[in-house]
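Scroll down for the structure; my scribbles are underneath it.
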Amino acid sequence: MRLKSWIRTVPTLVIIGSVLFLVLSVGSGLLLWGSGFAQNMVHSQLTEQKISFPAKGSAGLDPKTFPGLQRYAGQAVDNGPKAKAYADQFIRVHLSEVANGQTYSQVSAASIANPKDAKLAAEVQTLFRGETLRGLLLYGWGWSVVGEIALYVGIAALLGALAVLMALIVGFATHVHVVHDVVRPDVAERVPALV
C-alpha cells in the first residue's frame, strides 16, 4: 500500500530525471569507450606502419625547410598530431618538389596525353604514393580528433549524469519526507520541530 501511494505521488520530473540519468549514463559510457577505441586504433595502426621522422640534425630534417617538425625529430609517427605534422609538413613539402608542384591528377593527365614519357610516369607514381600516404595519415589524425572530442563529450555526459543523480537523490529525500507527512500526519504532529 505504501509503495502504491508513493508511486502515485511521484512527480513527472522524477520520471524525466530518471530517464535523463539513464540516457546520460549510457551515452557517457559509449562515448568514453568510443574515445578509447579511436585512440587505440589510431595508435596501433600508425605504430604498425613504422613511420618515423628523420633524426635531429640530419639532412632530411633541415630546420630551414621543416621548422615545425624539429620537436618530432627521431620520433615514431604513433598518434594523430604526429600523423598530421608528418602529412602536412613533411610529405607535402616533398610532393611540392615533384613535377614543379603539380598534383597527382595534373601529372596523371599529362602522362596519359604523353604515355611514352618515362619521367612523367615516374612522377605520377611518386605523387600517387605520396598523396595516398598523406591522405591516410590525415584520416588517422581525423579519427584521433573524433576520439578526443568523444572523450570530452563523454566526460561532460558523465558529469551531467552525476548531477542528475544528485538531484534525484535530493528530490527523493524531499519527496519521502513530504509523502511521510501527507500519509501519516499524526506522526508529524508527535515529532517536535527541530527549529
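By order of appearance in the C-alpha cells: chains A, B, ..., then residues from 1 within every chain, and ligands from 1 in the order shown.
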For A:Ile155: contacts at 9 Å, only C-alpha atoms, fewer than 6 positions along chain excluded, given as a list in words:
Ser28, Leu31 and Leu32 of chain A
Once you have the residues from the selection above, write them out as a JSON list (two decimals), in the first residue's frame, restricted to N, CA and C atoms.
```json
[["chain", "number", "residue", "atom", "x", "y", "z"],
["A", 28, "SER", "N", 27.46, 8.43, -21.87],
["A", 28, "SER", "CA", 28.83, 8.72, -21.45],
["A", 28, "SER", "C", 29.68, 7.46, -21.52],
["A", 31, "LEU", "N", 30.47, 6.92, -25.22],
["A", 31, "LEU", "CA", 31.40, 7.93, -25.71],
["A", 31, "LEU", "C", 32.82, 7.69, -25.18],
["A", 32, "LEU", "N", 32.93, 7.35, -23.92],
["A", 32, "LEU", "CA", 34.26, 7.08, -23.36],
["A", 32, "LEU", "C", 34.87, 5.83, -23.97]]
```
Got a sec: who's within 10 Å of A:Leu133, counting only C-alpha atoms, leaving out chain neighbours fewer than 6 positions off, as a PyMOL selection string?
chain A and resi 87+91+127+139
Leaving out A:Lys50 and any residue of its chain fewer than 2 positions from it, which residues lie within 9 Å of it when counting only C-alpha atoms, given as a ChimeraX atom specification?
/A:46-48,52,76-78
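When only C-alpha atoms are used to measure the gap to A:Ser108, the shortest distance among A:Gln125, A:Thr65, A:Ser96, A:Asn40 belongs to A:Gln125.
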Which residues are near A:Pro81? Cut-off 10 Å, only C-alpha atoms, ignore same chain within fewer than 3 positions. Put them as a PDB file with N, CA and C atoms, in the first residue's frame.
```pdb
ATOM      1  N   VAL A  77      55.912   8.049 -35.766  1.00  0.00           N
ATOM      2  CA  VAL A  77      54.585   8.625 -36.008  1.00  0.00           C
ATOM      3  C   VAL A  77      53.584   7.649 -35.401  1.00  0.00           C
ATOM      4  N   ASP A  78      53.120   7.948 -34.184  1.00  0.00           N
ATOM      5  CA  ASP A  78      52.278   6.999 -33.458  1.00  0.00           C
ATOM      6  C   ASP A  78      51.009   7.604 -32.871  1.00  0.00           C
ATOM      7  N   LYS A  84      49.449  14.168 -38.555  1.00  0.00           N
ATOM      8  CA  LYS A  84      49.117  15.405 -39.270  1.00  0.00           C
ATOM      9  C   LYS A  84      50.377  16.189 -39.601  1.00  0.00           C
ATOM     10  N   ALA A  85      51.281  16.285 -38.635  1.00  0.00           N
ATOM     11  CA  ALA A  85      52.530  17.016 -38.880  1.00  0.00           C
ATOM     12  C   ALA A  85      53.336  16.356 -39.994  1.00  0.00           C
ATOM     13  N   TYR A  86      53.428  15.039 -39.971  1.00  0.00           N
ATOM     14  CA  TYR A  86      54.188  14.318 -40.997  1.00  0.00           C
ATOM     15  C   TYR A  86      53.549  14.516 -42.371  1.00  0.00           C
ATOM     16  N   ALA A  87      52.212  14.438 -42.420  1.00  0.00           N
ATOM     17  CA  ALA A  87      51.495  14.576 -43.693  1.00  0.00           C
ATOM     18  C   ALA A  87      51.591  15.991 -44.249  1.00  0.00           C
ATOM     19  N   LEU A 137      47.360   9.272 -43.582  1.00  0.00           N
ATOM     20  CA  LEU A 137      47.820   9.856 -42.312  1.00  0.00           C
ATOM     21  C   LEU A 137      46.831  10.899 -41.801  1.00  0.00           C
ATOM     22  N   LEU A 138      46.283  11.676 -42.717  1.00  0.00           N
ATOM     23  CA  LEU A 138      45.295  12.678 -42.299  1.00  0.00           C
ATOM     24  C   LEU A 138      44.000  12.025 -41.826  1.00  0.00           C
ATOM     25  N   GLY A 140      43.986   9.204 -40.177  1.00  0.00           N
ATOM     26  CA  GLY A 140      44.366   8.818 -38.818  1.00  0.00           C
ATOM     27  C   GLY A 140      44.264   9.997 -37.866  1.00  0.00           C
ATOM     28  N   TRP A 141      44.747  11.149 -38.303  1.00  0.00           N
ATOM     29  CA  TRP A 141      44.649  12.357 -37.474  1.00  0.00           C
ATOM     30  C   TRP A 141      43.179  12.702 -37.232  1.00  0.00           C
ATOM     31  N   GLY A 142      42.361  12.635 -38.285  1.00  0.00           N
ATOM     32  CA  GLY A 142      40.941  12.963 -38.147  1.00  0.00           C
ATOM     33  C   GLY A 142      40.245  12.075 -37.129  1.00  0.00           C
ATOM     34  N   SER A 144      41.686  10.574 -34.665  1.00  0.00           N
ATOM     35  CA  SER A 144      42.181  10.902 -33.320  1.00  0.00           C
ATOM     36  C   SER A 144      41.451  12.122 -32.771  1.00  0.00           C
ATOM     37  N   VAL A 145      41.102  13.070 -33.645  1.00  0.00           N
ATOM     38  CA  VAL A 145      40.332  14.246 -33.216  1.00  0.00           C
ATOM     39  C   VAL A 145      38.921  13.822 -32.808  1.00  0.00           C
TER      40      VAL A 145
END
```
Long-range neighbours of A:Leu13 as a short mmCIF file (atom, residue, chain, number, x, y, z; two decimals) with C-alpha atoms, in the first residue's frame, 10 Å cut-off, only C-alpha atoms, 4 positions minimum in chain:
```
data_model
loop_
_atom_site.label_atom_id
_atom_site.label_comp_id
_atom_site.auth_asym_id
_atom_site.auth_seq_id
_atom_site.Cartn_x
_atom_site.Cartn_y
_atom_site.Cartn_z
CA GLY A 17 15.18 12.86 -14.38
CA SER A 18 15.46 9.07 -14.21
CA VAL A 19 15.27 8.74 -17.99
CA LEU A 168 17.20 12.73 -7.94
CA GLY A 171 14.34 15.06 -4.72
#
```
May I have all residues of chain A that DSSP, computed from the backbone, assigns to alpha helix (DSSP H), given as an MDAnalysis selection string?
chainID A and resid 2:8 12:49 80:85 92:96 104:113 118:183 185:190
If you count only C-alpha atoms, which residues fall within 12 Å of stretch 114-120 of chain A, apart from same-chain ones fewer than 5 positions away, as a list in words?
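Once the adjacent positions are removed, what remains is Val98, Ala99, Asn100, Gln102, Tyr104, Gln106, Val107, Ser108, Ala109, Gln125, Thr126 and Leu127 of chain A.
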Residues at most 10 Å from A:Ala73, counting only C-alpha atoms, excluding those fewer than 6 positions away in the same chain, as a PyMOL selection string?
chain A and resi 52-58+61
Writer output for current selection, N, CA and C atoms, as a compact mmCIF listing (two decimals), in the first residue's frame:
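Once written, selection27.txt looks like this:
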```txt
# COMPACT_ATOMS: atom_id res chain seq x y z
N SER A 52 58.78 7.02 -39.17
CA SER A 52 59.49 7.85 -38.20
C SER A 52 59.95 9.15 -38.86
N PHE A 53 60.05 10.18 -38.05
CA PHE A 53 60.65 11.43 -38.51
C PHE A 53 62.16 11.23 -38.59
N PRO A 54 62.82 11.90 -39.52
CA PRO A 54 64.28 11.81 -39.57
C PRO A 54 64.91 12.32 -38.25
N ALA A 55 66.11 11.86 -37.98
CA ALA A 55 66.80 12.24 -36.74
C ALA A 55 67.14 13.73 -36.75
N LYS A 56 67.25 14.29 -35.58
CA LYS A 56 67.61 15.70 -35.44
C LYS A 56 69.01 15.93 -36.02
N GLY A 57 69.15 16.99 -36.77
CA GLY A 57 70.44 17.32 -37.37
C GLY A 57 70.71 16.63 -38.69
N SER A 58 69.84 15.70 -39.09
CA SER A 58 70.06 15.01 -40.37
C SER A 58 69.64 15.91 -41.52
N LEU A 61 65.91 16.49 -42.26
CA LEU A 61 65.07 17.31 -41.38
C LEU A 61 65.73 18.67 -41.16
```
Do you have the atom CA of A:Arg92-atom CA of A:Ser35 distance handy?
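Between atom CA of A:Arg92 and atom CA of A:Ser35 the gap is 28.7 Å.
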